[in-house]
$ cat final36.cif   # mmCIF, C-alpha atoms and all ligand atoms
data_work
loop_
_atom_site.label_atom_id
_atom_site.label_comp_id
_atom_site.auth_asym_id
_atom_site.auth_seq_id
_atom_site.Cartn_x
_atom_site.Cartn_y
_atom_site.Cartn_z
CA MET A 1 5.31 -67.84 -21.71
CA ARG A 2 7.45 -65.28 -19.92
CA TYR A 3 10.09 -66.03 -17.30
CA VAL A 4 10.49 -64.07 -14.11
CA LYS A 5 12.70 -64.02 -11.03
CA LEU A 6 11.19 -65.72 -8.00
CA GLY A 7 11.94 -62.95 -5.52
CA LYS A 8 15.21 -63.05 -3.66
CA THR A 9 15.82 -66.71 -4.49
CA GLY A 10 16.94 -65.44 -7.89
CA LEU A 11 15.45 -68.60 -9.46
CA GLU A 12 14.14 -67.92 -12.94
CA VAL A 13 10.71 -69.52 -13.37
CA SER A 14 7.84 -69.53 -15.84
CA GLU A 15 5.07 -67.07 -14.98
CA VAL A 16 2.78 -70.00 -14.25
CA GLY A 17 3.86 -73.20 -12.51
CA PHE A 18 2.56 -76.75 -12.09
CA GLY A 19 0.82 -77.83 -8.87
CA GLY A 20 1.23 -81.51 -8.06
CA ILE A 21 -2.06 -82.62 -6.45
CA PRO A 22 -4.39 -83.62 -9.32
CA ILE A 23 -1.89 -85.98 -10.96
CA ILE A 24 -2.36 -88.22 -7.92
CA ARG A 25 -5.52 -89.62 -9.49
CA LEU A 26 -3.81 -90.32 -12.84
CA SER A 27 -1.86 -93.39 -13.87
CA VAL A 28 1.90 -92.87 -14.20
CA GLU A 29 1.59 -92.75 -18.02
CA GLU A 30 -1.21 -90.19 -17.90
CA ALA A 31 0.59 -88.04 -15.33
CA VAL A 32 3.81 -88.11 -17.33
CA ALA A 33 1.93 -87.02 -20.46
CA VAL A 34 0.42 -84.04 -18.61
CA LEU A 35 3.69 -83.05 -16.95
CA ARG A 36 5.61 -83.29 -20.22
CA ARG A 37 2.98 -81.25 -22.03
CA ALA A 38 3.46 -78.51 -19.44
CA LEU A 39 7.20 -78.65 -20.11
CA GLU A 40 6.61 -78.42 -23.86
CA ARG A 41 4.42 -75.38 -23.32
CA GLY A 42 7.22 -73.64 -21.43
CA VAL A 43 6.32 -74.35 -17.80
CA THR A 44 9.54 -74.68 -15.79
CA LEU A 45 8.34 -74.51 -12.17
CA PHE A 46 7.04 -77.79 -10.75
CA ASP A 47 5.68 -77.83 -7.21
CA THR A 48 4.58 -80.85 -5.24
CA ALA A 49 4.70 -82.14 -1.65
CA ASN A 50 5.86 -85.12 0.32
CA LEU A 51 2.24 -85.47 1.44
CA TYR A 52 0.79 -85.84 -2.07
CA MET A 53 1.00 -89.62 -2.22
CA ASP A 54 2.81 -90.67 -5.45
CA SER A 55 3.04 -87.16 -6.95
CA GLU A 56 6.80 -86.89 -6.33
CA ASP A 57 7.38 -90.29 -7.98
CA LYS A 58 5.51 -89.11 -11.07
CA PHE A 59 7.53 -85.88 -11.14
CA GLY A 60 10.66 -88.03 -10.99
CA VAL A 61 9.63 -90.08 -14.03
CA ALA A 62 8.38 -87.14 -16.11
CA LEU A 63 11.27 -84.79 -15.43
CA LYS A 64 14.03 -87.31 -16.04
CA GLY A 65 16.63 -85.81 -18.36
CA GLU A 66 15.16 -82.30 -17.88
CA ARG A 67 16.61 -81.50 -14.47
CA GLN A 68 18.77 -78.60 -15.66
CA ARG A 69 15.90 -76.67 -17.17
CA VAL A 70 13.28 -77.13 -14.46
CA VAL A 71 12.85 -75.67 -11.01
CA VAL A 72 11.65 -78.35 -8.61
CA ALA A 73 9.81 -77.43 -5.42
CA THR A 74 8.39 -79.68 -2.74
CA LYS A 75 7.25 -79.47 0.88
CA SER A 76 7.24 -81.31 4.19
CA ILE A 77 4.67 -81.14 6.96
CA LYS A 78 7.25 -82.36 9.52
CA ARG A 79 8.16 -79.95 12.29
CA ASP A 80 11.15 -81.78 13.80
CA ARG A 81 14.71 -82.11 12.52
CA ALA A 82 14.79 -85.90 12.14
CA GLY A 83 11.37 -85.97 10.46
CA VAL A 84 12.22 -83.31 7.92
CA GLU A 85 15.58 -84.90 7.14
CA ALA A 86 13.82 -88.19 6.40
CA ASP A 87 11.33 -86.35 4.15
CA ILE A 88 14.12 -84.56 2.26
CA HIS A 89 15.87 -87.86 1.66
CA GLN A 90 12.62 -89.40 0.44
CA SER A 91 11.82 -86.46 -1.88
CA LEU A 92 15.28 -86.60 -3.44
CA THR A 93 14.96 -90.33 -4.00
CA LYS A 94 11.44 -90.20 -5.41
CA MET A 95 12.20 -87.30 -7.71
CA ASN A 96 15.45 -88.87 -8.79
CA THR A 97 17.53 -85.75 -8.18
CA ASP A 98 20.52 -84.63 -6.09
CA TYR A 99 18.99 -81.31 -5.08
CA LEU A 100 15.69 -79.51 -4.60
CA ASP A 101 15.52 -75.93 -5.83
CA LEU A 102 12.92 -74.97 -3.27
CA PHE A 103 11.98 -76.79 -0.08
CA GLN A 104 8.93 -75.45 1.76
CA PHE A 105 7.56 -75.92 5.26
CA HIS A 106 4.05 -77.11 4.48
CA GLN A 107 0.95 -75.47 5.93
CA VAL A 108 2.38 -73.36 8.73
CA SER A 109 -0.91 -71.89 9.87
CA GLN A 110 -0.57 -71.93 13.65
CA GLU A 111 1.92 -70.21 15.97
CA ASP A 112 2.77 -73.63 17.46
CA ASP A 113 3.92 -74.89 14.05
CA LEU A 114 6.37 -72.02 13.68
CA ALA A 115 7.63 -72.46 17.25
CA ALA A 116 8.29 -76.16 16.64
CA ILE A 117 10.01 -75.53 13.31
CA THR A 118 12.31 -72.84 14.65
CA GLY A 119 12.83 -74.33 18.12
CA PRO A 120 15.61 -76.63 19.35
CA ASP A 121 15.92 -79.73 17.18
CA GLY A 122 13.24 -78.23 14.95
CA ALA A 123 12.77 -78.74 11.21
CA LEU A 124 14.61 -75.53 10.33
CA GLU A 125 17.82 -77.06 11.67
CA GLY A 126 17.39 -80.09 9.39
CA VAL A 127 16.63 -77.94 6.36
CA ALA A 128 19.58 -75.62 7.06
CA ARG A 129 21.90 -78.65 7.24
CA ALA A 130 20.49 -79.98 3.98
CA ARG A 131 21.11 -76.60 2.38
CA GLU A 132 24.71 -76.60 3.60
CA ALA A 133 25.09 -80.08 2.11
CA GLY A 134 23.81 -78.81 -1.26
CA LYS A 135 20.60 -80.86 -1.15
CA ILE A 136 18.39 -77.77 -1.02
CA ARG A 137 18.93 -74.40 -2.68
CA HIS A 138 16.19 -72.23 -1.15
CA ILE A 139 13.77 -72.39 1.76
CA GLY A 140 10.11 -71.40 1.53
CA VAL A 141 6.91 -71.73 3.49
CA THR A 142 3.22 -72.27 2.79
CA SER A 143 0.24 -71.19 4.85
CA HIS A 144 -3.53 -70.74 4.71
CA SER A 145 -3.76 -68.15 7.48
CA LEU A 146 -3.38 -64.47 6.68
CA THR A 147 -2.30 -63.70 10.22
CA MET A 148 0.44 -66.33 10.06
CA ALA A 149 1.46 -65.34 6.54
CA VAL A 150 2.25 -61.83 7.75
CA ARG A 151 4.12 -63.30 10.70
CA LEU A 152 6.08 -65.70 8.47
CA VAL A 153 7.12 -62.96 6.06
CA LYS A 154 8.33 -60.85 8.98
CA THR A 155 10.61 -63.60 10.32
CA GLY A 156 12.95 -63.05 7.36
CA LEU A 157 13.65 -66.81 7.33
CA PHE A 158 12.09 -67.63 3.97
CA GLY A 159 12.80 -66.91 0.33
CA THR A 160 9.25 -67.67 -0.84
CA ILE A 161 5.74 -67.83 0.53
CA GLN A 162 2.89 -69.84 -0.93
CA PHE A 163 -0.69 -68.89 -0.12
CA PRO A 164 -4.21 -69.47 -1.56
CA PHE A 165 -5.03 -66.66 -3.97
CA ASN A 166 -7.82 -66.38 -6.50
CA PHE A 167 -10.79 -64.12 -7.21
CA VAL A 168 -12.70 -65.56 -4.24
CA GLU A 169 -9.81 -65.57 -1.76
CA GLU A 170 -8.40 -62.10 -2.35
CA GLY A 171 -7.24 -61.17 1.14
CA ALA A 172 -3.55 -61.74 0.46
CA ALA A 173 -3.43 -58.96 -2.15
CA THR A 174 -3.86 -56.28 0.48
CA GLU A 175 -2.93 -58.12 3.68
CA PHE A 176 0.54 -59.40 2.97
CA PHE A 177 1.62 -59.18 -0.68
CA PRO A 178 2.88 -55.59 -0.16
CA LEU A 179 4.99 -56.77 2.79
CA ALA A 180 6.26 -59.81 0.87
CA ARG A 181 7.18 -57.59 -2.08
CA GLU A 182 8.96 -55.16 0.22
CA GLN A 183 11.08 -58.05 1.50
CA ASN A 184 11.55 -59.39 -2.03
CA LEU A 185 9.99 -62.78 -1.30
CA GLY A 186 8.90 -64.98 -4.19
CA ILE A 187 5.10 -65.24 -4.06
CA LEU A 188 3.41 -68.47 -5.16
CA ALA A 189 -0.36 -68.75 -5.43
CA MET A 190 -2.00 -72.07 -4.66
CA LYS A 191 -5.66 -72.76 -5.52
CA PRO A 192 -5.92 -70.63 -8.68
CA PHE A 193 -9.15 -72.51 -9.48
CA CYS A 194 -10.44 -71.90 -5.93
CA GLY A 195 -9.39 -75.42 -4.95
CA GLY A 196 -11.24 -77.01 -7.88
CA LEU A 197 -14.51 -75.11 -7.38
CA VAL A 198 -14.08 -73.03 -10.54
CA ASP A 199 -13.57 -74.69 -13.91
CA LYS A 200 -13.34 -71.66 -16.20
CA ALA A 201 -9.64 -71.05 -16.77
CA ALA A 202 -10.15 -67.80 -18.67
CA VAL A 203 -12.18 -66.33 -15.80
CA ALA A 204 -9.74 -67.51 -13.11
CA PHE A 205 -6.59 -66.37 -14.90
CA ALA A 206 -7.98 -63.03 -16.07
CA TYR A 207 -8.01 -62.19 -12.37
CA LEU A 208 -4.65 -63.71 -11.45
CA ARG A 209 -2.72 -62.17 -14.31
CA GLN A 210 -3.46 -58.72 -12.91
CA PHE A 211 -0.75 -59.62 -10.37
CA PRO A 212 2.29 -60.42 -12.51
CA GLU A 213 4.60 -60.77 -9.47
CA VAL A 214 2.49 -63.69 -8.22
CA ILE A 215 3.14 -67.13 -9.74
CA PRO A 216 -0.04 -69.27 -9.84
CA LEU A 217 0.35 -73.04 -9.47
CA PRO A 218 -2.61 -74.69 -11.19
CA GLY A 219 -2.92 -78.43 -10.71
CA TRP A 220 -3.56 -79.99 -14.10
CA ASP A 221 -4.84 -83.46 -14.81
CA THR A 222 -5.25 -83.29 -18.60
CA VAL A 223 -3.13 -82.22 -21.54
CA ALA A 224 -6.07 -80.09 -22.72
CA GLY A 225 -6.11 -78.33 -19.34
CA VAL A 226 -2.44 -77.45 -19.72
CA ASP A 227 -3.05 -76.12 -23.23
CA GLU A 228 -6.04 -74.07 -22.14
CA VAL A 229 -3.98 -72.12 -19.59
CA ALA A 230 -0.80 -72.01 -21.69
CA ASP A 231 -2.85 -70.52 -24.57
CA LEU A 232 -4.03 -67.74 -22.24
CA TYR A 233 -0.41 -66.89 -21.47
CA GLU A 234 0.29 -66.59 -25.20
CA ARG A 235 -1.72 -63.36 -25.33
CA GLU A 236 -2.02 -60.17 -23.31
CA ASN A 237 -4.42 -60.25 -20.41
CA VAL A 238 -7.64 -58.35 -20.96
CA VAL A 239 -10.23 -58.31 -18.18
CA THR A 240 -13.69 -58.13 -19.71
CA GLU A 241 -17.02 -57.09 -18.17
CA GLU A 242 -18.07 -60.75 -18.51
CA ASP A 243 -15.05 -61.80 -16.40
CA ARG A 244 -15.97 -59.31 -13.70
CA ALA A 245 -19.58 -60.51 -13.72
CA GLU A 246 -18.40 -64.11 -13.35
CA TRP A 247 -16.20 -63.18 -10.38
CA VAL A 248 -19.19 -61.59 -8.68
CA ARG A 249 -21.42 -64.55 -9.47
CA TYR A 250 -18.93 -67.10 -8.09
CA ARG A 251 -18.25 -65.00 -4.98
CA GLU A 252 -21.96 -64.84 -4.24
CA GLU A 253 -22.43 -68.53 -4.89
CA LEU A 254 -19.42 -69.73 -2.87
CA GLY A 255 -19.39 -67.02 -0.22
CA ASP A 256 -21.37 -68.73 2.51
CA LYS A 257 -20.14 -72.28 2.08
CA PHE A 258 -16.54 -72.08 1.00
CA CYS A 259 -13.94 -73.02 3.62
CA ARG A 260 -10.93 -70.70 3.19
CA ARG A 261 -8.64 -73.00 5.23
CA CYS A 262 -7.71 -70.10 7.50
CA GLU A 263 -7.80 -72.43 10.55
CA TYR A 264 -9.23 -69.78 12.87
CA CYS A 265 -11.80 -72.40 13.94
CA GLN A 266 -9.13 -74.60 15.50
CA PRO A 267 -8.24 -76.19 17.84
CA CYS A 268 -11.31 -78.31 18.49
CA PRO A 269 -11.65 -79.48 22.12
CA GLN A 270 -12.60 -82.92 20.79
CA GLY A 271 -9.57 -83.16 18.52
CA VAL A 272 -11.54 -82.92 15.28
CA LYS A 273 -9.26 -81.94 12.40
CA ILE A 274 -11.76 -79.40 11.18
CA THR A 275 -10.08 -77.72 8.22
CA PRO A 276 -8.97 -80.78 6.23
CA ALA A 277 -12.26 -82.51 7.02
CA MET A 278 -14.20 -79.48 5.71
CA LEU A 279 -12.33 -79.90 2.44
CA TYR A 280 -12.87 -83.62 1.99
CA GLY A 281 -15.26 -83.14 -0.96
CA ILE A 282 -12.76 -80.99 -2.83
CA VAL A 283 -9.92 -83.43 -2.13
CA ALA A 284 -12.07 -86.32 -3.40
CA HIS A 285 -12.86 -84.32 -6.53
CA ARG A 286 -9.18 -83.68 -7.15
CA MET A 287 -7.64 -87.00 -6.10
CA GLY A 288 -10.47 -89.33 -6.99
CA PRO A 289 -12.73 -90.99 -4.36
CA GLU A 290 -10.68 -94.11 -3.72
CA GLN A 291 -7.37 -92.30 -3.22
CA ALA A 292 -9.06 -89.60 -1.14
CA ALA A 293 -10.71 -92.17 1.15
CA ARG A 294 -7.30 -93.70 1.82
CA PHE A 295 -5.49 -90.37 2.18
CA ALA A 296 -8.09 -88.76 4.44
CA ALA A 297 -8.96 -91.73 6.68
CA PRO A 298 -7.01 -90.47 9.76
CA ILE A 299 -8.62 -87.04 9.34
CA MET A 300 -12.19 -88.20 8.79
CA GLU A 301 -12.02 -90.58 11.77
CA THR A 302 -11.70 -87.51 14.02
CA VAL A 303 -15.03 -86.13 12.74
CA LYS A 304 -16.78 -88.93 14.62
CA GLU A 305 -15.69 -87.20 17.87
CA CYS A 306 -17.65 -84.01 17.11
CA ILE A 307 -20.21 -83.28 19.84
CA GLU A 308 -21.63 -80.23 18.02
CA CYS A 309 -20.59 -77.85 20.80
CA GLY A 310 -20.46 -74.94 18.34
CA GLU A 311 -17.13 -73.44 19.55
CA CYS A 312 -15.67 -73.61 16.06
CA VAL A 313 -18.70 -71.87 14.53
CA GLU A 314 -18.17 -68.90 16.84
CA ARG A 315 -14.55 -68.63 15.71
CA CYS A 316 -15.14 -68.98 11.95
CA PRO A 317 -14.99 -65.49 10.41
CA TYR A 318 -17.20 -66.67 7.53
CA GLY A 319 -19.94 -68.08 9.79
CA LEU A 320 -19.80 -71.49 8.13
CA PRO A 321 -22.13 -74.19 9.48
CA ILE A 322 -19.16 -76.35 10.47
CA PRO A 323 -20.76 -79.27 12.37
CA GLU A 324 -23.36 -79.91 9.64
CA THR A 325 -20.76 -79.58 6.90
CA LEU A 326 -18.46 -82.01 8.71
CA GLN A 327 -21.25 -84.57 8.88
CA TYR A 328 -21.93 -84.11 5.17
CA HIS A 329 -18.27 -84.80 4.37
CA LEU A 330 -18.17 -87.76 6.77
CA LYS A 331 -21.10 -89.36 4.93
CA LEU A 332 -19.35 -88.76 1.61
CA PHE A 333 -16.14 -90.29 2.98
CA GLU A 334 -18.05 -93.35 4.22
CA GLU A 335 -19.67 -93.77 0.81
CA HIS A 336 -16.26 -93.65 -0.83
CA CYS A 337 -14.89 -96.21 1.64
CA ARG A 338 -17.79 -98.56 0.90
CA ALA A 339 -17.29 -98.13 -2.83
CA ALA A 340 -13.59 -98.93 -2.35
CA GLY A 341 -14.52 -102.02 -0.33
CA LYS A 342 -13.10 -100.70 2.94
CA ASP A 343 -14.63 -100.54 6.41
CA THR A 344 -14.65 -97.15 8.15
S1 LIG B 1 -18.70 -78.35 16.94
FE1 LIG B 1 -17.56 -80.27 16.70
S2 LIG B 1 -15.82 -79.70 15.44
FE2 LIG B 1 -16.65 -77.80 16.24
S3 LIG B 1 -15.44 -77.39 18.10
FE3 LIG B 1 -17.30 -78.51 18.72
S4 LIG B 1 -16.70 -80.67 18.72
FE4 LIG B 1 -15.13 -79.54 17.55
S1 LIG B 2 -14.21 -73.53 8.78
FE1 LIG B 2 -14.11 -71.30 8.82
S2 LIG B 2 -12.51 -70.83 10.34
FE2 LIG B 2 -12.30 -73.00 9.82
S3 LIG B 2 -10.77 -73.03 8.20
FE3 LIG B 2 -12.76 -72.96 7.19
S4 LIG B 2 -13.17 -70.79 6.84
FE4 LIG B 2 -11.49 -70.91 8.35
#

$ encode --input "final36.cif" --output "structure tokens"
Amino acid sequence: MRYVKLGKTGLEVSEVGFGGIPIIRLSVEEAVAVLRRALERGVTLFDTANLYMDSEDKFGVALKGERQRVVVATKSIKRDRAGVEADIHQSLTKMNTDYLDLFQFHQVSQEDDLAAITGPDGALEGVARAREAGKIRHIGVTSHSLTMAVRLVKTGLFGTIQFPFNFVEEGAATEFFPLAREQNLGILAMKPFCGGLVDKAAVAFAYLRQFPEVIPLPGWDTVAGVDEVADLYERENVVTEEDRAEWVRYREELGDKFCRRCEYCQPCPQGVKITPAMLYGIVAHRMGPEQAARFAAPIMETVKECIECGECVERCPYGLPIPETLQYHLKLFEEHCRAAGKDT
């Protein structure tokens, strides 16, 4: 494992980090075992979010006694000062620490989000105060929209940017990485396994390691999974013809049905939360059905309001069959609710 500087934050981090979603579906003991294995294998960057249910609590248990040698990152979806201050307090408590190395504004994919964050009494004020008080060291941002990512980098407000990047979602490499590098931002890549759609680590990381300035954040849920990726980082990256053929095969297979979370389809006139609902199946795969049904209930309820007007389909740059896909995910959600013994 090599260690690199995370852009202008100056934080020294392992060249691959730990993403905190999949441990949600593990027991505390299992999650701690996976997190500690990552530490043993040299991973020092641990990224989670206030939104990821008990992920921060599990980080807190696993990283106890290791605070000095790890870089802890989390995120808040709140856009107002009071909301973000409450989230910071909660993250510090759950993770059993006095400070967060990196605090990120979560999923800033719409212009309105940025306006609220930077406006009067917005979340940026709360985060700036927390930084002055020593509770936060650096401020970052995450997004799923290329247009917004470029915009966010240009604001000069952030030390890092986190964006989906893998061999299927390659847009960032040309669209905003050059700009982010120019401004010396730390670049974090979420979804290295295409959001759980790809299970071949060697194929996924052969692609990612061509971009050494980008730190991937795989979400692991097994010790073996940690070892598989850590072993790859023990040797030089060699991209084989087989890897390239696999990239092409996956791109062709996923191309017409893979939601990139770009959010160009929104807003929906009926209030349907299209993007997270389109991803329900992936979330259920990563969190486990019961947890996902609980987590996604407020989102999936909005799908019932869809009147199949087709406005979102016209706006989706990938031409995805959104209304049908939403109904598919709604059925899946309802099955999971029934299995968990809950009414929908
Ligand atoms: S088709 Fe459904 S989800 Fe799409 S814009 Fe119309 S009501 Fe909203
Ligand atoms: S449905 Fe289409 S427009 Fe909406 S987030 Fe997914 S890929 Fe983007």

$ residues_around --input "final36.cif" --residues "Gln162 in chain A" --least-positions-apart "3" --cutoff "7 Å" --atoms "all atoms listed in the file" --output "mmCIF file with C-alpha atoms, in the coordinates of the input"
data_model
loop_
_atom_site.group_PDB
_atom_site.id
_atom_site.type_symbol
_atom_site.label_atom_id
_atom_site.label_comp_id
_atom_site.auth_asym_id
_atom_site.auth_seq_id
_atom_site.Cartn_x
_atom_site.Cartn_y
_atom_site.Cartn_z
ATOM 1 C CA VAL A 141 6.910 -71.730 3.490
ATOM 2 C CA THR A 142 3.220 -72.270 2.790
ATOM 3 C CA SER A 143 0.240 -71.190 4.850
ATOM 4 C CA ILE A 187 5.100 -65.240 -4.060
ATOM 5 C CA LEU A 188 3.410 -68.470 -5.160
ATOM 6 C CA ALA A 189 -0.360 -68.750 -5.430
ATOM 7 C CA MET A 190 -2.000 -72.070 -4.660
#

$ atom_distance --input "final36.cif" --atom1 "CA of Pro218 in chain A" --atom2 "CA of Leu185 in chain A"
20.0 Å

$ residues_around --input "final36.cif" --residues "Tyr207 in chain A" --least-positions-apart "4" --cutoff "10 Å" --atoms "all atoms listed in the file" --output "list in words"
Phe165, Asn166, Phe167, Val168, Pro192, Ala202, Val203, Phe211, Asn237, Val238, Val239, Asp243, Arg244 and Trp247 of chain A

$ residues_near_ligand --input "final36.cif" --ligand "ligand LIG 2 (chain B)" --cutoff "10 Å" --atoms "only C-alpha atoms and all ligand atoms" --output "ChimeraX atom specification"
/A:144-145,256-267,273-279,312-323,325-326

$ residues_near_ligand --input "final36.cif" --ligand "ligand LIG 1 (chain B)" --cutoff "6 Å" --atoms "all atoms listed in the file" --output "number ranges by chain"
A: 268-270, 272, 274, 306-312, 323

$ build_atoms --input "final36.cif" --residues "range 1-26 of chain A" --atoms "N, CA and C atoms" --output "PDB file, keeping the file's coordinate frame"
ATOM      1  N   MET A   1       4.972 -67.735 -23.143  1.00  0.00           N
ATOM      2  CA  MET A   1       5.310 -67.840 -21.710  1.00  0.00           C
ATOM      3  C   MET A   1       6.483 -66.912 -21.408  1.00  0.00           C
ATOM      4  N   ARG A   2       6.329 -66.132 -20.338  1.00  0.00           N
ATOM      5  CA  ARG A   2       7.450 -65.280 -19.920  1.00  0.00           C
ATOM      6  C   ARG A   2       8.123 -65.952 -18.725  1.00  0.00           C
ATOM      7  N   TYR A   3       9.337 -65.477 -18.434  1.00  0.00           N
ATOM      8  CA  TYR A   3      10.090 -66.030 -17.300  1.00  0.00           C
ATOM      9  C   TYR A   3      10.455 -64.891 -16.369  1.00  0.00           C
ATOM     10  N   VAL A   4      10.290 -65.146 -15.087  1.00  0.00           N
ATOM     11  CA  VAL A   4      10.490 -64.070 -14.110  1.00  0.00           C
ATOM     12  C   VAL A   4      11.347 -64.585 -12.960  1.00  0.00           C
ATOM     13  N   LYS A   5      11.897 -63.645 -12.200  1.00  0.00           N
ATOM     14  CA  LYS A   5      12.700 -64.020 -11.030  1.00  0.00           C
ATOM     15  C   LYS A   5      11.757 -64.293  -9.848  1.00  0.00           C
ATOM     16  N   LEU A   6      12.009 -65.372  -9.156  1.00  0.00           N
ATOM     17  CA  LEU A   6      11.190 -65.720  -8.000  1.00  0.00           C
ATOM     18  C   LEU A   6      11.771 -65.034  -6.748  1.00  0.00           C
ATOM     19  N   GLY A   7      11.499 -63.732  -6.675  1.00  0.00           N
ATOM     20  CA  GLY A   7      11.940 -62.950  -5.520  1.00  0.00           C
ATOM     21  C   GLY A   7      13.434 -63.076  -5.282  1.00  0.00           C
ATOM     22  N   LYS A   8      13.794 -63.057  -3.998  1.00  0.00           N
ATOM     23  CA  LYS A   8      15.210 -63.050  -3.660  1.00  0.00           C
ATOM     24  C   LYS A   8      15.908 -64.389  -3.856  1.00  0.00           C
ATOM     25  N   THR A   9      15.151 -65.447  -4.185  1.00  0.00           N
ATOM     26  CA  THR A   9      15.820 -66.710  -4.490  1.00  0.00           C
ATOM     27  C   THR A   9      16.659 -66.559  -5.754  1.00  0.00           C
ATOM     28  N   GLY A  10      16.234 -65.623  -6.619  1.00  0.00           N
ATOM     29  CA  GLY A  10      16.940 -65.440  -7.890  1.00  0.00           C
ATOM     30  C   GLY A  10      16.629 -66.535  -8.907  1.00  0.00           C
ATOM     31  N   LEU A  11      15.808 -67.522  -8.519  1.00  0.00           N
ATOM     32  CA  LEU A  11      15.450 -68.600  -9.460  1.00  0.00           C
ATOM     33  C   LEU A  11      14.628 -68.000 -10.599  1.00  0.00           C
ATOM     34  N   GLU A  12      14.936 -68.391 -11.810  1.00  0.00           N
ATOM     35  CA  GLU A  12      14.140 -67.920 -12.940  1.00  0.00           C
ATOM     36  C   GLU A  12      13.073 -68.973 -13.223  1.00  0.00           C
ATOM     37  N   VAL A  13      11.808 -68.555 -13.201  1.00  0.00           N
ATOM     38  CA  VAL A  13      10.710 -69.520 -13.370  1.00  0.00           C
ATOM     39  C   VAL A  13       9.697 -69.000 -14.374  1.00  0.00           C
ATOM     40  N   SER A  14       8.925 -69.924 -14.946  1.00  0.00           N
ATOM     41  CA  SER A  14       7.840 -69.530 -15.840  1.00  0.00           C
ATOM     42  C   SER A  14       6.783 -68.773 -15.042  1.00  0.00           C
ATOM     43  N   GLU A  15       6.033 -67.916 -15.706  1.00  0.00           N
ATOM     44  CA  GLU A  15       5.070 -67.070 -14.980  1.00  0.00           C
ATOM     45  C   GLU A  15       3.859 -67.847 -14.487  1.00  0.00           C
ATOM     46  N   VAL A  16       3.768 -69.103 -14.854  1.00  0.00           N
ATOM     47  CA  VAL A  16       2.780 -70.000 -14.250  1.00  0.00           C
ATOM     48  C   VAL A  16       3.491 -71.329 -14.008  1.00  0.00           C
ATOM     49  N   GLY A  17       3.196 -71.943 -12.857  1.00  0.00           N
ATOM     50  CA  GLY A  17       3.860 -73.200 -12.510  1.00  0.00           C
ATOM     51  C   GLY A  17       2.892 -74.368 -12.513  1.00  0.00           C
ATOM     52  N   PHE A  18       3.356 -75.514 -12.070  1.00  0.00           N
ATOM     53  CA  PHE A  18       2.560 -76.750 -12.090  1.00  0.00           C
ATOM     54  C   PHE A  18       2.369 -77.210 -10.646  1.00  0.00           C
ATOM     55  N   GLY A  19       1.119 -77.341 -10.211  1.00  0.00           N
ATOM     56  CA  GLY A  19       0.820 -77.830  -8.870  1.00  0.00           C
ATOM     57  C   GLY A  19       0.574 -79.333  -8.890  1.00  0.00           C
ATOM     58  N   GLY A  20       1.152 -80.048  -7.936  1.00  0.00           N
ATOM     59  CA  GLY A  20       1.230 -81.510  -8.060  1.00  0.00           C
ATOM     60  C   GLY A  20       0.122 -82.342  -7.444  1.00  0.00           C
ATOM     61  N   ILE A  21      -1.026 -81.765  -7.059  1.00  0.00           N
ATOM     62  CA  ILE A  21      -2.060 -82.620  -6.450  1.00  0.00           C
ATOM     63  C   ILE A  21      -2.855 -83.445  -7.465  1.00  0.00           C
ATOM     64  N   PRO A  22      -3.447 -82.828  -8.492  1.00  0.00           N
ATOM     65  CA  PRO A  22      -4.390 -83.620  -9.320  1.00  0.00           C
ATOM     66  C   PRO A  22      -3.772 -84.805 -10.053  1.00  0.00           C
ATOM     67  N   ILE A  23      -2.465 -84.807 -10.268  1.00  0.00           N
ATOM     68  CA  ILE A  23      -1.890 -85.980 -10.960  1.00  0.00           C
ATOM     69  C   ILE A  23      -1.925 -87.224 -10.091  1.00  0.00           C
ATOM     70  N   ILE A  24      -2.252 -87.050  -8.815  1.00  0.00           N
ATOM     71  CA  ILE A  24      -2.360 -88.220  -7.920  1.00  0.00           C
ATOM     72  C   ILE A  24      -3.364 -89.223  -8.491  1.00  0.00           C
ATOM     73  N   ARG A  25      -4.471 -88.694  -9.050  1.00  0.00           N
ATOM     74  CA  ARG A  25      -5.520 -89.620  -9.490  1.00  0.00           C
ATOM     75  C   ARG A  25      -5.254 -90.211 -10.889  1.00  0.00           C
ATOM     76  N   LEU A  26      -4.141 -89.804 -11.507  1.00  0.00           N
ATOM     77  CA  LEU A  26      -3.810 -90.320 -12.840  1.00  0.00           C
ATOM     78  C   LEU A  26      -2.869 -91.518 -12.745  1.00  0.00           C
TER      79      LEU A  26
END
